[in-house]
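Peer 1: Okay, here's the structure, questions in a sec.
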Amino acid sequence: MRHNVTLKKIYLILIGLSFLSIIFFMSAWLVRYYPHIAGNMHLPNIQKAILNILSERTGQMVAMIISALLISSTSLTFQTLTHNRILTPASLGFDAIFAVTQTLLVAGLGFVHVFLTNVYFNFILSSLIMLGIILLMYQMVLRKNKNNIIFLLLVGIVISSMALSLSNVIQSMLSDDAFYQLQSLTTVTITNINRELVYLLMPFVILIAFLIYRGHRTYDVMALGESQASNLGVNYQQESKRALIYIALAIAMTTALVGPLSFLGLLAVNLAREITKRYEHKHLFITSALISIIFLFFGQVVIELTHYQTTLTTVINLVGGIYMINLLIRKDKTI
Amino acid sequence: MIKRRIIIVFVFVILLITSLLIGVDQRVTFINLITFDQMTWRIFLLSRLPRTIVIILCATGLSIAGMIMHALGRNKFISPSTSGATDAALLGIVLYYLLIPGQSTLVKFIFSFTFAMIATLLLLMITNRVKFKSSIYIPLIGMMIASVIGAMTTLLAQRFQLLQVLNQLRVGSFAHINIINAQLLWVLVPALVMGILYAEKFNIIALGIDFSKNLGVNYKLVMMMGLLIVSTISASTYIVVGPLPFLGLVVPNLLSIYLGDNLKKNMMDVALFGSSFVLLNDIIARLVRFPGETSISFIMGISGAIIFFYLIAQKVKSA
């Protein structure tokens, strides 16, 4: 009974904090523009500007919530599949695959092609290509090696470094115009999100998040290990393949939407484990999603208040990495 | 045994000559060299020869550093680039530009050396404290440290408008090498000599702390020596050339499949093979869009990755 009470408390605190962070985010621009709008609220163009800012912020907010949801849930599932706490799907090198996809598109189609300049086409095309590459990787590695995820991981690391080099070589051979086009395509951040795309993606995201969440009981069993899970009647091979496909889909979406945020999932899931001290995926899914929302929004607010001197990716990599190293050093552990 | 050595030397010599004769200036040919054409010899001595020598020095240094790190970390996947040492060296260089720019290269070296040393120590500390289910996790942690250090470097660069410098530093190239700016590589000489002198002790260290104590080897001293050597090599090659990905990982691994793990015996082969590998990559980098030049980092990123992939596949097959 006592256990449930503390869990409820944790939920309440986390929900409160995430609301607070969202409110902070929605009002952070006020700090900068307050002198301009104070006393001028009655002017029509000021009102219009405020509305503009608010609708832009809403788009960003939705995108950030989407990413937080997908990143934390895929990280948790991935950690269950690999039986390891220091991995995320980002360790498979998805951001590099995204960069190389865009580079190949620019090099292959020419930089003014409608598939590139139209956001929807580009998004759908690059998501499909990424999904294709990832599934190919799974097929190659998993069929031959019977779910050897460590192997998949190493392949991912190698492929990501290779993809990065390859895209750099191709980039050095592009014309200047094509290069700038490519730059604008590959440097996605939260501040230059495409709003229409965000709303378009909403239903898909909800569907995937629901599908992942629905499997929480299966994942609880799968966390016990392959033979135990098989004994308890879970088709381990099939379930893990399905989970990997969900992960691939979700990562393709978030990378194309907000760019790479590799350490966020690691940070959120491990913090969730530490705070709740529970093993049920049901609780971990929710708490880790809330924690990543808190980190994303507070991080973005801090960056905004320091006048964009750095990017969210850098800050999250720094905080998340230090936390992970600290976690590893703090006590003798087997991982 | 001898036959293999002959093949390696033969390949090395061919690549060496090719590397010397490739370049934008078409006058550098055999005939002009033999007839002592003055202009040809000037280009040869001021640009071609230093470049090739630097390639050989850096390749030898990093391959041997990789081999030593495999022994120190008792893991085949550790190398300067997968332990954070390279990124820490970069952080040191960036800090140097921020704090006391304009000093001699030696000061720059001391900065980046210190940081490379700290990062390597951190990783070895973690690997000694944490028990790993699979040896593959160690380079993963190394890369995690590397990305944290990388994030710090980026943060500093963003804050102080050094991003352009940073982007330049992150790309390795032999293009700008001449006699003057490669002088720092003198520090490689003592490092390599020490490496050869301590080779057998590194082998003993690789057996573990208890074994090495039993065999009368001062574990801490040898460990420290190895760290000094590896950090010297990583920092100095980074300053002169920039990053050469996969070199310290791929070359010692490939050779240890065929030759075993005897450090002292393998040193010559590793040096020759590593040099051949980098020479070949450099030749490709120079020819991909001749007369322009592509960075060798990228070419090595691709070729090294392919070899590494092969190595992993082998390992999985045998496991």
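Ordering of the structure tokens sets the chain letters (A, B, ...); residue numbers start at 1 within each chain; ligands are numbered from 1 in the order shown.
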From a backbone DSSP assignment, name each residue in stretch 70-191 of chain B labelled helix (DSSP H, G or I), as a ChimeraX atom specification.
Peer 2: /B:70-73,80-82,85-99,105-129,137-159,163-169,183-191
Peer 1: Please identify all residues of chain B having at least one atom at most 9 Å from any atom of chain A, considering only C-alpha atoms, and return them as a ChimeraX atom specification.
Peer 2: /B:125-126,129-134,136-137,140-141,144-145,147-152,154-156,158-159,289,294-295,297-306,308-309,312-313,316-317
Peer 1: Would you output that residue set with C-alpha atoms, as a PDB file, in the first residue's frame?
Peer 2:
ATOM      1  CA  MET B 125      39.091   3.549 -14.258  1.00  0.00           C
ATOM      2  CA  ILE B 126      35.561   2.706 -15.349  1.00  0.00           C
ATOM      3  CA  ARG B 129      35.403  -0.872 -11.666  1.00  0.00           C
ATOM      4  CA  VAL B 130      32.445  -2.083 -13.675  1.00  0.00           C
ATOM      5  CA  LYS B 131      31.968  -5.688 -14.676  1.00  0.00           C
ATOM      6  CA  PHE B 132      30.825  -6.062 -18.244  1.00  0.00           C
ATOM      7  CA  LYS B 133      28.756  -8.823 -19.716  1.00  0.00           C
ATOM      8  CA  SER B 134      30.359  -8.287 -23.080  1.00  0.00           C
ATOM      9  CA  ILE B 136      31.733  -4.670 -26.697  1.00  0.00           C
ATOM     10  CA  TYR B 137      30.228  -2.408 -24.030  1.00  0.00           C
ATOM     11  CA  LEU B 140      30.377   2.005 -26.158  1.00  0.00           C
ATOM     12  CA  ILE B 141      31.161   3.687 -22.860  1.00  0.00           C
ATOM     13  CA  MET B 144      29.773   7.974 -24.533  1.00  0.00           C
ATOM     14  CA  ILE B 145      32.639   9.769 -22.809  1.00  0.00           C
ATOM     15  CA  SER B 147      30.362  12.450 -26.976  1.00  0.00           C
ATOM     16  CA  VAL B 148      30.218  14.195 -23.594  1.00  0.00           C
ATOM     17  CA  ILE B 149      33.629  15.732 -24.213  1.00  0.00           C
ATOM     18  CA  GLY B 150      32.519  16.585 -27.736  1.00  0.00           C
ATOM     19  CA  ALA B 151      29.437  18.341 -26.356  1.00  0.00           C
ATOM     20  CA  MET B 152      31.619  20.360 -23.964  1.00  0.00           C
ATOM     21  CA  THR B 154      30.951  22.400 -28.991  1.00  0.00           C
ATOM     22  CA  LEU B 155      29.481  24.369 -26.109  1.00  0.00           C
ATOM     23  CA  LEU B 156      32.720  26.293 -25.620  1.00  0.00           C
ATOM     24  CA  GLN B 158      29.510  28.131 -29.641  1.00  0.00           C
ATOM     25  CA  ARG B 159      29.947  30.432 -26.686  1.00  0.00           C
ATOM     26  CA  ARG B 289      38.520  14.725 -57.110  1.00  0.00           C
ATOM     27  CA  THR B 294      39.216  15.212 -50.076  1.00  0.00           C
ATOM     28  CA  SER B 295      39.916  14.915 -46.370  1.00  0.00           C
ATOM     29  CA  SER B 297      39.339  11.441 -42.347  1.00  0.00           C
ATOM     30  CA  PHE B 298      36.361  10.707 -44.525  1.00  0.00           C
ATOM     31  CA  ILE B 299      38.116   8.202 -46.744  1.00  0.00           C
ATOM     32  CA  MET B 300      39.413   6.416 -43.670  1.00  0.00           C
ATOM     33  CA  GLY B 301      35.996   6.632 -42.084  1.00  0.00           C
ATOM     34  CA  ILE B 302      34.673   4.550 -44.970  1.00  0.00           C
ATOM     35  CA  SER B 303      37.521   2.098 -45.509  1.00  0.00           C
ATOM     36  CA  GLY B 304      38.172   1.638 -41.795  1.00  0.00           C
ATOM     37  CA  ALA B 305      34.490   1.015 -41.171  1.00  0.00           C
ATOM     38  CA  ILE B 306      34.415  -1.696 -43.804  1.00  0.00           C
ATOM     39  CA  PHE B 308      35.972  -3.072 -38.768  1.00  0.00           C
ATOM     40  CA  PHE B 309      32.726  -4.550 -39.985  1.00  0.00           C
ATOM     41  CA  ILE B 312      33.114  -7.863 -35.983  1.00  0.00           C
ATOM     42  CA  ALA B 313      31.595 -10.427 -38.317  1.00  0.00           C
ATOM     43  CA  VAL B 316      30.533 -13.035 -33.990  1.00  0.00           C
ATOM     44  CA  LYS B 317      31.082 -16.103 -36.116  1.00  0.00           C
TER      45      LYS B 317
END
Peer 1: I'd like to know which of A:Val221, A:Ile212, A:Leu264, A:Leu81 is closest to A:Met64, using only C-alpha atoms.
Peer 2: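 Result for the nearest residue to A:Met64: A:Leu264.
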Peer 1: Just the residues within 8 Å of A:Thr103, please, counting only C-alpha atoms, with nothing from its chain fewer than 3 positions along; format it as a PyMOL selection string.
Peer 2: chain A and resi 99-100+106-107+167+170-171+182
Peer 1: Rank A:Gln102, A:Ala28, A:Ala248, A:Val119 by their smallest atom-to-atom distance to A:Leu136, using only C-alpha atoms, and report the top residue only.
Peer 2: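 Using only C-alpha atoms, A:Leu136 sits closest to A:Ala248.
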